[in-house]
$ cat final.pdb   # PDB, C-alpha atoms
ATOM      1  CA  MET Y  27     185.808  78.054  91.319
ATOM      2  CA  ALA Y  28     183.955  81.369  91.212
ATOM      3  CA  THR Y  29     181.371  81.815  88.461
ATOM      4  CA  SER Y  30     181.139  84.621  85.942
ATOM      5  CA  ALA Y  31     178.144  85.872  87.930
ATOM      6  CA  TYR Y  32     180.409  86.300  90.973
ATOM      7  CA  TRP Y  33     182.926  88.393  89.007
ATOM      8  CA  ALA Y  34     180.145  90.474  87.477
ATOM      9  CA  TRP Y  35     178.799  91.135  90.966
ATOM     10  CA  ASP Y  36     182.317  92.040  92.127
ATOM     11  CA  ARG Y  37     182.719  94.530  89.273
ATOM     12  CA  ASP Y  38     179.302  95.948  90.112
ATOM     13  CA  GLY Y  39     180.509  96.968  93.594
ATOM     14  CA  ARG Y  40     179.137  93.917  95.429
ATOM     15  CA  PRO Y  41     175.585  95.165  96.067
ATOM     16  CA  TRP Y  42     173.177  93.062  98.118
ATOM     17  CA  LYS Y  43     169.932  93.350 100.032
ATOM     18  CA  VAL Y  44     167.962  90.807 102.009
ATOM     19  CA  ALA Y  45     164.547  89.602 100.848
ATOM     20  CA  ARG Y  46     161.880  91.370 102.904
ATOM     21  CA  PRO Y  47     160.292  88.372 104.701
ATOM     22  CA  ILE Y  48     163.683  86.901 105.594
ATOM     23  CA  LYS Y  49     164.962  90.219 106.912
ATOM     24  CA  ALA Y  50     161.765  90.809 108.909
ATOM     25  CA  ILE Y  51     162.043  87.480 110.706
ATOM     26  CA  GLY Y  52     165.833  87.402 110.915
ATOM     27  CA  ASP Y  53     166.103  90.911 112.373
ATOM     28  CA  ARG Y  54     163.418  90.072 114.926
ATOM     29  CA  LEU Y  55     165.372  86.964 115.955
ATOM     30  CA  ARG Y  56     168.517  89.094 116.245
ATOM     31  CA  ARG Y  57     166.677  91.443 118.617
ATOM     32  CA  TYR Y  58     165.815  88.449 120.782
ATOM     33  CA  GLY Y  59     169.496  87.491 120.916
ATOM     34  CA  TYR Y  60     169.975  84.908 118.151
ATOM     35  CA  THR Y  61     172.864  85.228 115.706
ATOM     36  CA  VAL Y  62     171.481  85.310 112.151
ATOM     37  CA  TYR Y  63     173.551  85.373 108.962
ATOM     38  CA  TYR Y  64     172.351  86.557 105.540
ATOM     39  CA  LEU Y  65     175.163  87.095 103.003
ATOM     40  CA  GLY Y  66     177.333  84.040 102.439
ATOM     41  CA  SER Y  67     181.072  83.936 103.127
ATOM     42  CA  ASP Y  68     183.412  84.973 100.318
ATOM     43  CA  ASP Y  69     184.823  81.521  99.607
ATOM     44  CA  THR Y  70     183.990  78.364  97.687
ATOM     45  CA  SER Y  71     181.362  77.327 100.224
ATOM     46  CA  HIS Y  72     179.159  80.300  99.300
ATOM     47  CA  LEU Y  73     179.928  83.307  97.093
ATOM     48  CA  GLN Y  74     182.679  81.632  95.077
ATOM     49  CA  ALA Y  75     180.923  78.275  94.769
ATOM     50  CA  ALA Y  76     180.651  76.658  91.362
ATOM     51  CA  ARG Y  77     176.873  76.620  91.879
ATOM     52  CA  PRO Y  78     175.899  79.690  93.933
ATOM     53  CA  LEU Y  79     172.999  79.086  96.327
ATOM     54  CA  ASP Y  80     170.573  81.443  98.023
ATOM     55  CA  HIS Y  81     173.075  83.163 100.351
ATOM     56  CA  CYS Y  82     174.423  84.754  97.148
ATOM     57  CA  PRO Y  83     172.948  87.853  95.476
ATOM     58  CA  PHE Y  84     173.334  85.977  92.170
ATOM     59  CA  SER Y  85     171.952  82.581  93.205
ATOM     60  CA  ALA Y  86     171.621  79.941  90.503
ATOM     61  CA  THR Y  87     168.861  78.058  92.344
ATOM     62  CA  GLY Y  88     165.966  80.517  92.289
ATOM     63  CA  TRP Y  89     162.437  79.091  92.413
ATOM     64  CA  PRO Y  90     159.757  79.440  91.117
ATOM     65  CA  VAL Y  91     161.201  82.262  88.991
ATOM     66  CA  PRO Y  92     164.853  83.148  88.276
ATOM     67  CA  HIS Y  93     166.692  84.752  91.181
ATOM     68  CA  PRO Y  94     166.202  88.544  91.330
ATOM     69  CA  TYR Y  95     169.610  90.236  91.550
ATOM     70  CA  PRO Y  96     170.960  91.393  94.022
ATOM     71  CA  TYR Y  97     168.686  89.856  96.672
ATOM     72  CA  VAL Y  98     170.043  87.514  99.338
ATOM     73  CA  ASN Y  99     167.194  85.076  99.782
ATOM     74  CA  ALA Y 100     168.389  82.922 102.671
ATOM     75  CA  MET Y 101     169.357  83.057 106.329
ATOM     76  CA  ASP Y 102     171.165  80.873 108.852
ATOM     77  CA  ILE Y 103     169.823  80.960 112.414
ATOM     78  CA  MET Y 104     172.434  79.906 114.966
ATOM     79  CA  PRO Y 105     171.753  78.264 118.376
ATOM     80  CA  PRO Y 106     170.633  80.661 121.128
ATOM     81  CA  PRO Y 107     173.214  81.755 123.723
ATOM     82  CA  ALA Y 108     173.541  79.381 126.677
ATOM     83  CA  GLY Y 109     171.345  80.445 129.575
ATOM     84  CA  SER Y 110     169.355  82.905 127.462
ATOM     85  CA  GLY Y 111     166.060  81.090 127.961
ATOM     86  CA  LEU Y 112     165.363  81.390 124.249
ATOM     87  CA  PRO Y 113     163.680  78.497 122.402
ATOM     88  CA  SER Y 114     166.080  75.912 121.012
ATOM     89  CA  LEU Y 115     166.622  75.567 117.289
ATOM     90  CA  GLN Y 116     164.533  72.406 117.513
ATOM     91  CA  ALA Y 117     161.537  74.240 118.982
ATOM     92  CA  LEU Y 118     161.978  77.195 116.644
ATOM     93  CA  GLY Y 119     162.379  75.029 113.541
ATOM     94  CA  ALA Y 120     159.383  72.871 114.461
ATOM     95  CA  GLN Y 121     157.201  75.940 114.961
ATOM     96  CA  MET Y 122     158.160  77.579 111.688
ATOM     97  CA  LEU Y 123     157.830  74.351 109.730
ATOM     98  CA  ALA Y 124     154.428  73.640 111.263
ATOM     99  CA  ASP Y 125     153.272  77.140 110.404
ATOM    100  CA  LYS Y 126     154.393  76.642 106.805
ATOM    101  CA  LYS Y 127     152.464  73.375 106.605
ATOM    102  CA  ALA Y 128     149.390  74.971 108.167
ATOM    103  CA  GLY Y 129     149.405  77.826 105.658
ATOM    104  CA  HIS Y 130     150.267  80.597 108.109
ATOM    105  CA  PRO Y 131     150.946  83.796 106.110
ATOM    106  CA  GLY Y 132     154.096  84.488 108.134
ATOM    107  CA  MET Y 133     155.799  81.479 106.532
ATOM    108  CA  ALA Y 134     154.291  81.596 103.033
ATOM    109  CA  TRP Y 135     157.657  82.725 101.609
ATOM    110  CA  LEU Y 136     159.599  79.574 102.652
ATOM    111  CA  LYS Y 137     161.115  77.478  99.843
ATOM    112  CA  TYR Y 138     162.958  75.010 102.062
ATOM    113  CA  GLN Y 139     164.337  74.578 105.556
ATOM    114  CA  ASN Y 140     167.379  72.563 106.671
ATOM    115  CA  TRP Y 141     167.281  71.682 110.360
ATOM    116  CA  GLU Y 142     167.943  69.114 113.085
ATOM    117  CA  PRO Y 143     164.727  68.163 114.927
ATOM    118  CA  VAL Y 144     166.394  66.317 117.847
ATOM    119  CA  ARG Y 145     169.536  68.232 118.860
ATOM    120  CA  ASP Y 146     172.256  70.491 117.472
ATOM    121  CA  ASN Y 147     174.940  68.607 115.524
ATOM    122  CA  GLY Y 148     173.397  65.226 116.284
ATOM    123  CA  GLY Y 149     170.498  62.970 115.386
ATOM    124  CA  PRO Y 150     168.630  63.263 112.090
ATOM    125  CA  CYS Y 151     169.067  66.264 109.802
ATOM    126  CA  TYR Y 152     166.408  67.081 107.210
ATOM    127  CA  GLN Y 153     165.628  69.379 104.333
ATOM    128  CA  ASP Y 154     161.906  70.133 104.240
ATOM    129  CA  SER Y 155     161.223  71.549 100.788
ATOM    130  CA  PHE Y 156     158.057  73.138  99.368
ATOM    131  CA  LYS Y 157     158.438  73.422  95.561
ATOM    132  CA  PRO Y 158     155.478  73.471  95.714
ATOM    133  CA  ASN Y 159     154.601  70.230  97.534
ATOM    134  CA  HIS Y 160     156.235  69.231 100.794
ATOM    135  CA  VAL Y 161     159.114  66.783 100.356
ATOM    136  CA  GLN Y 162     161.468  65.780 103.185
ATOM    137  CA  THR Y 163     164.970  64.483 102.412
ATOM    138  CA  ALA Y 164     168.160  63.926 104.395
ATOM    139  CA  SER Y 165     170.540  66.870 104.737
ATOM    140  CA  THR Y 166     174.108  67.400 105.967
ATOM    141  CA  ASP Y 167     173.603  71.108 106.743
ATOM    142  CA  ARG Y 168     174.020  70.917 110.526
ATOM    143  CA  GLY Y 169     174.492  73.228 113.494
ATOM    144  CA  HIS Y 170     171.890  75.842 112.536
ATOM    145  CA  ILE Y 171     168.557  76.362 110.803
ATOM    146  CA  HIS Y 172     168.943  77.288 107.148
ATOM    147  CA  GLN Y 173     165.951  78.793 105.373
ATOM    148  CA  SER Y 174     165.693  79.759 101.714
ATOM    149  CA  GLY Y 175     162.900  81.824 100.237
ATOM    150  CA  ARG Y 176     160.725  81.740  97.145
ATOM    151  CA  THR Y 177     161.966  84.128  94.476
ATOM    152  CA  ASP Y 178     158.448  85.383  93.709
ATOM    153  CA  LEU Y 179     158.046  86.671  97.287
ATOM    154  CA  VAL Y 180     161.233  88.679  97.904
ATOM    155  CA  ALA Y 181     159.118  91.797  98.567
ATOM    156  CA  TYR Y 182     156.384  89.950 100.490
ATOM    157  CA  ALA Y 183     155.039  91.921 103.484
ATOM    158  CA  GLY Y 184     153.086  89.083 105.098
ATOM    159  CA  ALA Y 185     155.929  88.160 107.480
ATOM    160  CA  ASP Y 186     156.474  91.684 108.840
ATOM    161  CA  ASP Y 187     154.698  90.884 112.120
ATOM    162  CA  TYR Y 188     155.458  87.167 112.286
ATOM    163  CA  ASP Y 189     157.164  86.242 115.578
ATOM    164  CA  PRO Y 190     158.152  82.558 115.847
ATOM    165  CA  VAL Y 191     159.600  82.970 119.353
ATOM    166  CA  ALA Y 192     156.333  84.342 120.692
ATOM    167  CA  ARG Y 193     154.450  81.532 118.962
ATOM    168  CA  VAL Y 194     156.664  78.887 120.564
ATOM    169  CA  ARG Y 195     156.212  80.437 124.002
ATOM    170  CA  ALA Y 196     152.488  81.124 123.848
ATOM    171  CA  PRO Y 197     150.263  78.557 125.611
ATOM    172  CA  ARG Y 198     147.461  76.958 123.669
ATOM    173  CA  THR Y 199     144.192  77.922 125.384
ATOM    174  CA  GLU Y 200     140.627  78.500 124.262
ATOM    175  CA  SER Y 201     140.672  82.112 125.449
ATOM    176  CA  ALA Y 202     144.113  82.933 124.020
ATOM    177  CA  PRO Y 203     144.773  81.018 120.787
ATOM    178  CA  THR Y 204     148.326  81.174 119.496
ATOM    179  CA  THR Y 205     147.473  81.410 115.831
ATOM    180  CA  GLU Y 206     146.336  85.029 115.641
ATOM    181  CA  GLY Y 207     142.723  84.210 114.904
ATOM    182  CA  GLU Y 208     143.310  80.848 113.256
ATOM    183  CA  ASP Y 209     142.317  77.580 114.848
ATOM    184  CA  ASP Y 210     145.128  75.448 113.484
ATOM    185  CA  MET Y 211     148.558  75.171 115.043
ATOM    186  CA  GLY Y 212     151.288  72.580 114.659
ATOM    187  CA  ARG Y 213     153.603  72.129 117.594
ATOM    188  CA  GLN Y 214     154.061  69.255 119.965
ATOM    189  CA  MET Y 215     152.756  69.948 123.454
ATOM    190  CA  MET Y 216     151.818  68.156 126.658
ATOM    191  CA  VAL Y 217     148.257  68.485 127.914
ATOM    192  CA  ALA Y 218     146.358  66.832 130.731
ATOM    193  CA  ASP Y 219     142.665  65.953 130.821
ATOM    194  CA  ALA Y 220     140.357  66.083 133.826
ATOM    195  CA  THR Y 221     141.494  62.631 134.969
ATOM    196  CA  GLY Y 222     145.153  63.641 135.020
ATOM    197  CA  THR Y 223     146.041  61.592 131.952
ATOM    198  CA  VAL Y 224     148.949  63.238 130.106
ATOM    199  CA  TRP Y 225     148.662  63.448 126.326
ATOM    200  CA  LEU Y 226     151.210  64.359 123.667
ATOM    201  CA  VAL Y 227     149.341  66.215 120.918
ATOM    202  CA  ASP Y 228     150.343  68.080 117.800
ATOM    203  CA  GLY Y 229     147.946  70.972 118.311
ATOM    204  CA  LEU Y 230     146.542  70.638 114.798
ATOM    205  CA  THR Y 231     142.812  70.503 114.219
ATOM    206  CA  ARG Y 232     141.693  68.579 111.166
ATOM    207  CA  VAL Y 233     138.687  66.838 109.704
ATOM    208  CA  PRO Y 234     138.542  63.247 111.013
ATOM    209  CA  VAL Y 235     139.063  60.510 108.457
ATOM    210  CA  ALA Y 236     138.067  56.880 108.540
ATOM    211  CA  ASP Y 237     140.590  54.628 110.232
ATOM    212  CA  PRO Y 238     141.651  52.000 107.636
ATOM    213  CA  ALA Y 239     141.331  48.499 108.997
ATOM    214  CA  GLY Y 240     144.462  47.596 110.926
ATOM    215  CA  ALA Y 241     146.244  50.860 110.114
ATOM    216  CA  GLY Y 242     145.727  52.682 113.401
ATOM    217  CA  ASN Y 243     145.217  56.363 113.999
ATOM    218  CA  GLY Y 244     148.768  57.155 112.890
ATOM    219  CA  GLN Y 245     147.883  56.129 109.351
ATOM    220  CA  ALA Y 246     144.392  57.589 109.497
ATOM    221  CA  HIS Y 247     145.938  60.977 110.303
ATOM    222  CA  ALA Y 248     148.977  60.619 108.065
ATOM    223  CA  GLU Y 249     149.355  64.377 107.658
ATOM    224  CA  SER Y 250     149.677  64.819 111.419
ATOM    225  CA  TYR Y 251     152.802  66.641 112.581
ATOM    226  CA  LEU Y 252     153.524  63.770 114.970
ATOM    227  CA  GLY Y 253     153.628  61.316 112.087
ATOM    228  CA  ASN Y 254     152.811  57.633 112.390
ATOM    229  CA  LEU Y 255     153.035  56.701 116.043
ATOM    230  CA  GLY Y 256     151.333  53.368 115.553
ATOM    231  CA  ASN Y 257     148.161  51.820 116.890
ATOM    232  CA  GLY Y 258     148.443  53.353 120.375
ATOM    233  CA  GLY Y 259     147.110  56.732 119.204
ATOM    234  CA  GLN Y 260     143.911  58.152 120.598
ATOM    235  CA  VAL Y 261     141.644  60.792 119.098
ATOM    236  CA  GLY Y 262     140.390  63.391 121.560
ATOM    237  CA  ARG Y 263     138.724  66.791 121.611
ATOM    238  CA  PHE Y 264     141.124  69.620 122.383
ATOM    239  CA  GLY Y 265     139.403  72.675 123.866
ATOM    240  CA  THR Y 266     136.583  73.605 121.514
ATOM    241  CA  PRO Y 267     137.726  72.927 117.943
ATOM    242  CA  PRO Y 268     135.470  73.699 114.967
ATOM    243  CA  THR Y 269     132.557  71.417 114.243
ATOM    244  CA  ALA Y 270     133.612  67.944 113.079
ATOM    245  CA  MET Y 271     137.280  68.612 113.798
ATOM    246  CA  ASP Y 272     139.572  66.705 116.130
ATOM    247  CA  VAL Y 273     143.075  66.626 117.548
ATOM    248  CA  TRP Y 274     145.215  63.507 117.424
ATOM    249  CA  GLY Y 275     147.453  62.547 120.327
ATOM    250  CA  ILE Y 276     148.875  59.676 122.351
ATOM    251  CA  ASP Y 277     148.424  58.744 125.980
ATOM    252  CA  VAL Y 278     152.048  59.143 127.090
ATOM    253  CA  GLY Y 279     151.490  57.566 130.490
ATOM    254  CA  GLY Y 280     149.819  54.622 128.795
ATOM    255  CA  ARG Y 281     152.802  54.196 126.522
ATOM    256  CA  LEU Y 282     155.155  54.202 129.525
ATOM    257  CA  ALA Y 283     152.945  51.657 131.287
ATOM    258  CA  ALA Y 284     153.074  49.424 128.213
ATOM    259  CA  ILE Y 285     156.877  49.662 128.167
ATOM    260  CA  GLU Y 286     157.007  48.823 131.852
ATOM    261  CA  ALA Y 287     154.720  45.831 131.280
ATOM    262  CA  ARG Y 288     157.072  44.541 128.593
ATOM    263  CA  ILE Y 289     159.989  44.908 131.021
ATOM    264  CA  VAL Y 290     158.094  42.878 133.627
ATOM    265  CA  ALA Y 291     157.250  40.209 131.048
ATOM    266  CA  ALA Y 292     160.875  40.010 129.899
ATOM    267  CA  GLU Y 293     162.048  39.745 133.505
ATOM    268  CA  ALA Y 294     159.618  36.875 134.129
ATOM    269  CA  ALA Y 295     160.793  35.127 130.963
ATOM    270  CA  ASP Y 296     164.416  35.434 132.113
ATOM    271  CA  THR Y 297     163.550  33.941 135.480
ATOM    272  CA  ALA Y 298     161.751  31.032 133.828
ATOM    273  CA  ARG Y 299     164.702  30.452 131.510
ATOM    274  CA  ASP Y 300     167.174  30.424 134.419
ATOM    275  CA  THR Y 301     164.969  28.010 136.365
ATOM    276  CA  ALA Y 302     164.738  25.652 133.385
ATOM    277  CA  THR Y 303     168.522  25.825 132.832
ATOM    278  CA  LEU Y 304     169.270  24.962 136.443
ATOM    279  CA  ALA Y 305     166.808  22.068 136.312
ATOM    280  CA  ALA Y 306     168.522  20.724 133.191
ATOM    281  CA  ILE Y 307     171.950  20.947 134.849
ATOM    282  CA  ARG Y 308     170.703  19.082 137.930
ATOM    283  CA  ALA Y 309     169.191  16.378 135.714
ATOM    284  CA  LEU Y 310     172.467  15.910 133.850
ATOM    285  CA  THR Y 311     174.400  15.710 137.111
ATOM    286  CA  ALA Y 312     171.965  13.187 138.548
ATOM    287  CA  GLY Y 313     172.435  11.075 135.419
ATOM    288  CA  GLY Y 314     176.173  10.856 135.944
ATOM    289  CA  THR Y 315     177.300  13.556 133.483
ATOM    290  CA  SER Y 316     180.314  15.546 134.657
ATOM    291  CA  VAL Y 317     179.272  19.210 134.899
ATOM    292  CA  ASP Y 318     180.949  22.024 136.870
ATOM    293  CA  THR Y 319     177.631  22.924 138.479
ATOM    294  CA  ALA Y 320     178.992  25.623 140.772
ATOM    295  CA  ALA Y 321     180.631  27.562 137.921
ATOM    296  CA  VAL Y 322     177.498  27.426 135.765
ATOM    297  CA  ILE Y 323     175.245  28.532 138.623
ATOM    298  CA  ASN Y 324     177.594  31.387 139.534
ATOM    299  CA  ARG Y 325     177.543  32.630 135.940
ATOM    300  CA  ILE Y 326     173.751  32.454 135.813
ATOM    301  CA  ASN Y 327     173.582  34.462 139.035
ATOM    302  CA  GLU Y 328     175.990  37.080 137.624
ATOM    303  CA  VAL Y 329     173.855  37.530 134.496
ATOM    304  CA  ALA Y 330     170.682  37.705 136.573
ATOM    305  CA  ALA Y 331     172.204  40.383 138.819
ATOM    306  CA  THR Y 332     173.214  42.474 135.795
ATOM    307  CA  GLU Y 333     169.738  42.171 134.299
ATOM    308  CA  SER Y 334     168.150  43.152 137.615
ATOM    309  CA  THR Y 335     170.320  46.272 137.777
ATOM    310  CA  THR Y 336     169.364  47.210 134.216
ATOM    311  CA  VAL Y 337     165.656  46.698 134.908
ATOM    312  CA  ALA Y 338     165.886  48.826 138.073
ATOM    313  CA  ALA Y 339     167.562  51.624 136.110
ATOM    314  CA  LEU Y 340     164.882  51.473 133.407
ATOM    315  CA  ARG Y 341     162.130  51.675 136.009
ATOM    316  CA  ALA Y 342     163.835  54.673 137.601
ATOM    317  CA  ASP Y 343     164.006  56.364 134.199
ATOM    318  CA  ILE Y 344     160.299  55.717 133.634
ATOM    319  CA  ALA Y 345     159.475  57.209 137.039
ATOM    320  CA  THR Y 346     161.505  60.310 136.211
ATOM    321  CA  LEU Y 347     159.757  60.632 132.841
ATOM    322  CA  ARG Y 348     156.368  60.428 134.554
ATOM    323  CA  GLN Y 349     157.352  63.263 136.892
ATOM    324  CA  ARG Y 350     158.536  65.392 133.971
ATOM    325  CA  LEU Y 351     155.368  64.693 132.001
ATOM    326  CA  ALA Y 352     153.207  65.769 134.927
ATOM    327  CA  ALA Y 353     155.229  68.966 135.339
ATOM    328  CA  ALA Y 354     155.094  69.727 131.610
ATOM    329  CA  ALA Y 355     151.353  69.177 131.499
ATOM    330  CA  GLN Y 356     150.811  71.465 134.478
ATOM    331  CA  ALA Y 357     153.025  74.152 132.943
ATOM    332  CA  GLU Y 358     151.012  74.131 129.739
ATOM    333  CA  ALA Y 359     147.983  75.428 131.650
ATOM    334  CA  THR Y 360     145.921  73.606 129.048
ATOM    335  CA  SER Y 361     143.282  70.903 129.150
ATOM    336  CA  LEU Y 362     142.314  68.105 126.814
ATOM    337  CA  THR Y 363     138.675  66.982 127.005
ATOM    338  CA  GLN Y 364     137.821  63.516 125.742
ATOM    339  CA  PRO Y 365     134.705  63.162 123.578
TER     340      PRO Y 365
END
$ encode --input "final.pdb" --output "structure tokens"
Amino acid sequence: MATSAYWAWDRDGRPWKVARPIKAIGDRLRRYGYTVYYLGSDDTSHLQAARPLDHCPFSATGWPVPHPYPYVNAMDIMPPPAGSGLPSLQALGAQMLADKKAGHPGMAWLKYQNWEPVRDNGGPCYQDSFKPNHVQTASTDRGHIHQSGRTDLVAYAGADDYDPVARVRAPRTESAPTTEGEDDMGRQMMVADATGTVWLVDGLTRVPVADPAGAGNGQAHAESYLGNLGNGGQVGRFGTPPTAMDVWGIDVGGRLAAIEARIVAAEAADTARDTATLAAIRALTAGGTSVDTAAVINRINEVAATESTTVAALRADIATLRQRLAAAAQAEATSLTQP
């Protein structure tokens, strides 16, 4: 049911204008080819909702100060057109969120972002909120990136030149940093060192911290964009970071090798189990027990054949992943130098 604020806005001639930082970024994305929405639809999902949100010029959820009428302080960024070559919503959302976390002035206005980090309309969906501290919760707002702004920054000019598409596309190199003079950037990327080892890194430089006993580098760098990837993490120098800074990453090829080793071990265990089972059947038969040996052996062979096919498919997938990792690392035109 529409609120009294909605009817007052209706009587006022339905004025609205978009908050400056949101319009600056949203209009730039529109010029690239994205569809971006500002004003909410005139129904109970937006303008006539019982609790109007930030797509409404009379939002009831302003923060950190009451909502300034008649600003629209939100936008929805839709998936790029097929074949456009534009960054996915996942890449775009990750870049903008990382810039917010890193304190980039182009994203200082962000109050919260709803997005899907894996794929459109599938996988996890999160709200990353900054009021003022970062809190991540589950969301059901799928199929687009929703961003709401701080009400104290509706006239903020610091996002006028912010270009998230260019930041996603720009390679990370020592001679051409992608942070407009800053040394900190948060996006996942593939890099290769001089030995050809492929690393997945977050691109963030940070002061090293002591590794708590048994916690692994994932815990020691808990604020890392990659999150806790467990004890397989490695700390390496990326380009020439500031003194006493490092970049945290994982040896992707090493992780794949470890997975492959576990497959080999599981295959060996299956073989040993089958051998022991057949030996037990032969012992029972030799002792006079009536057992349909042929049927049991045939079933064991069927299961073994299925497992062999699965293992072969997994190994093929790993080989394909290795090829893609090598190609991605080469395309980055970036190097990671170990200390």
$ resolve_selection --input "final.pdb" --expression "the PyMOL selection byres ((chain Y and resi 120) around 10)" --output "PyMOL selection string"
chain Y and resi 114-119+121-126+141-143+190+194+212-214+251
$ write_last_selection --input "final.pdb" --atoms "C-alpha atoms" --output "PDB file, keeping the file's coordinate frame"
ATOM      1  CA  SER Y 114     166.080  75.912 121.012  1.00  0.00           C
ATOM      2  CA  LEU Y 115     166.622  75.567 117.289  1.00  0.00           C
ATOM      3  CA  GLN Y 116     164.533  72.406 117.513  1.00  0.00           C
ATOM      4  CA  ALA Y 117     161.537  74.240 118.982  1.00  0.00           C
ATOM      5  CA  LEU Y 118     161.978  77.195 116.644  1.00  0.00           C
ATOM      6  CA  GLY Y 119     162.379  75.029 113.541  1.00  0.00           C
ATOM      7  CA  GLN Y 121     157.201  75.940 114.961  1.00  0.00           C
ATOM      8  CA  MET Y 122     158.160  77.579 111.688  1.00  0.00           C
ATOM      9  CA  LEU Y 123     157.830  74.351 109.730  1.00  0.00           C
ATOM     10  CA  ALA Y 124     154.428  73.640 111.263  1.00  0.00           C
ATOM     11  CA  ASP Y 125     153.272  77.140 110.404  1.00  0.00           C
ATOM     12  CA  LYS Y 126     154.393  76.642 106.805  1.00  0.00           C
ATOM     13  CA  TRP Y 141     167.281  71.682 110.360  1.00  0.00           C
ATOM     14  CA  GLU Y 142     167.943  69.114 113.085  1.00  0.00           C
ATOM     15  CA  PRO Y 143     164.727  68.163 114.927  1.00  0.00           C
ATOM     16  CA  PRO Y 190     158.152  82.558 115.847  1.00  0.00           C
ATOM     17  CA  VAL Y 194     156.664  78.887 120.564  1.00  0.00           C
ATOM     18  CA  GLY Y 212     151.288  72.580 114.659  1.00  0.00           C
ATOM     19  CA  ARG Y 213     153.603  72.129 117.594  1.00  0.00           C
ATOM     20  CA  GLN Y 214     154.061  69.255 119.965  1.00  0.00           C
ATOM     21  CA  TYR Y 251     152.802  66.641 112.581  1.00  0.00           C
TER      22      TYR Y 251
END
$ closest_residue --input "final.pdb" --among "Y:Gly88, Y:Pro105, Y:Gly132, Y:Gly175" --to "Asn147 of chain Y" --atoms "only C-alpha atoms"
Y:Pro105
$ closest_residue --input "final.pdb" --among "Y:Ala108, Y:Leu179, Y:Leu282, Y:Ile307" --to "Thr346 of chain Y" --atoms "all atoms listed in the file"
Y:Leu282
$ atom_distance --input "final.pdb" --atom1 "atom CA of Thr29 of chain Y" --atom2 "atom CA of Arg77 of chain Y"
7.7 Å
$ closest_residue --input "final.pdb" --among "Y:Trp35, Y:Tyr60, Y:Tyr188, Y:Tyr138" --to "Asn99 of chain Y" --atoms "all atoms listed in the file"
Y:Tyr138
$ axis_aligned_box --input "final.pdb" --around "segment 111-128 of chain Y" --padding-each-side "6 Å" --output "lines of an AutoDock Vina configuration file"
center_x = 158.0
center_y = 76.9
center_z = 117.3
size_x = 29.2
size_y = 21.0
size_z = 33.4
$ resolve_selection --input "final.pdb" --expression "the PyMOL selection byres ((chain Y and resi 41) around 9)" --output "PyMOL selection string"
chain Y and resi 35-36+38-40+42-43+83+95-97
$ closest_residue --input "final.pdb" --among "Y:Val98, Y:Ile285, Y:Ile323, Y:Ala164" --to "Thr303 of chain Y" --atoms "only C-alpha atoms"
Y:Ile323
$ atom_distance --input "final.pdb" --atom1 "atom CA of Asp186 of chain Y" --atom2 "atom CA of Ala50 of chain Y"
5.4 Å
$ atom_distance --input "final.pdb" --atom1 "atom CA of Asp300 of chain Y" --atom2 "atom CA of Ile326 of chain Y"
7.0 Å
$ closest_residue --input "final.pdb" --among "Y:Thr70, Y:Thr177, Y:Ser85, Y:Gln139" --to "Thr163 of chain Y" --atoms "all atoms listed in the file"
Y:Gln139
$ resolve_selection --input "final.pdb" --expression "the PyMOL selection byres ((chain Y and resi 79) around 12)" --output "mmCIF file with C-alpha atoms, in the coordinates of the input"
data_model
loop_
_atom_site.group_PDB
_atom_site.id
_atom_site.type_symbol
_atom_site.label_atom_id
_atom_site.label_comp_id
_atom_site.auth_asym_id
_atom_site.auth_seq_id
_atom_site.Cartn_x
_atom_site.Cartn_y
_atom_site.Cartn_z
ATOM 1 C CA THR Y 29 181.371 81.815 88.461
ATOM 2 C CA ALA Y 31 178.144 85.872 87.930
ATOM 3 C CA TYR Y 32 180.409 86.300 90.973
ATOM 4 C CA TYR Y 64 172.351 86.557 105.540
ATOM 5 C CA LEU Y 65 175.163 87.095 103.003
ATOM 6 C CA GLY Y 66 177.333 84.040 102.439
ATOM 7 C CA SER Y 67 181.072 83.936 103.127
ATOM 8 C CA THR Y 70 183.990 78.364 97.687
ATOM 9 C CA SER Y 71 181.362 77.327 100.224
ATOM 10 C CA HIS Y 72 179.159 80.300 99.300
ATOM 11 C CA LEU Y 73 179.928 83.307 97.093
ATOM 12 C CA GLN Y 74 182.679 81.632 95.077
ATOM 13 C CA ALA Y 75 180.923 78.275 94.769
ATOM 14 C CA ALA Y 76 180.651 76.658 91.362
ATOM 15 C CA ARG Y 77 176.873 76.620 91.879
ATOM 16 C CA PRO Y 78 175.899 79.690 93.933
ATOM 17 C CA ASP Y 80 170.573 81.443 98.023
ATOM 18 C CA HIS Y 81 173.075 83.163 100.351
ATOM 19 C CA CYS Y 82 174.423 84.754 97.148
ATOM 20 C CA PRO Y 83 172.948 87.853 95.476
ATOM 21 C CA PHE Y 84 173.334 85.977 92.170
ATOM 22 C CA SER Y 85 171.952 82.581 93.205
ATOM 23 C CA ALA Y 86 171.621 79.941 90.503
ATOM 24 C CA THR Y 87 168.861 78.058 92.344
ATOM 25 C CA GLY Y 88 165.966 80.517 92.289
ATOM 26 C CA TRP Y 89 162.437 79.091 92.413
ATOM 27 C CA HIS Y 93 166.692 84.752 91.181
ATOM 28 C CA TYR Y 97 168.686 89.856 96.672
ATOM 29 C CA VAL Y 98 170.043 87.514 99.338
ATOM 30 C CA ASN Y 99 167.194 85.076 99.782
ATOM 31 C CA ALA Y 100 168.389 82.922 102.671
ATOM 32 C CA MET Y 101 169.357 83.057 106.329
ATOM 33 C CA HIS Y 172 168.943 77.288 107.148
ATOM 34 C CA GLN Y 173 165.951 78.793 105.373
ATOM 35 C CA SER Y 174 165.693 79.759 101.714
ATOM 36 C CA GLY Y 175 162.900 81.824 100.237
#
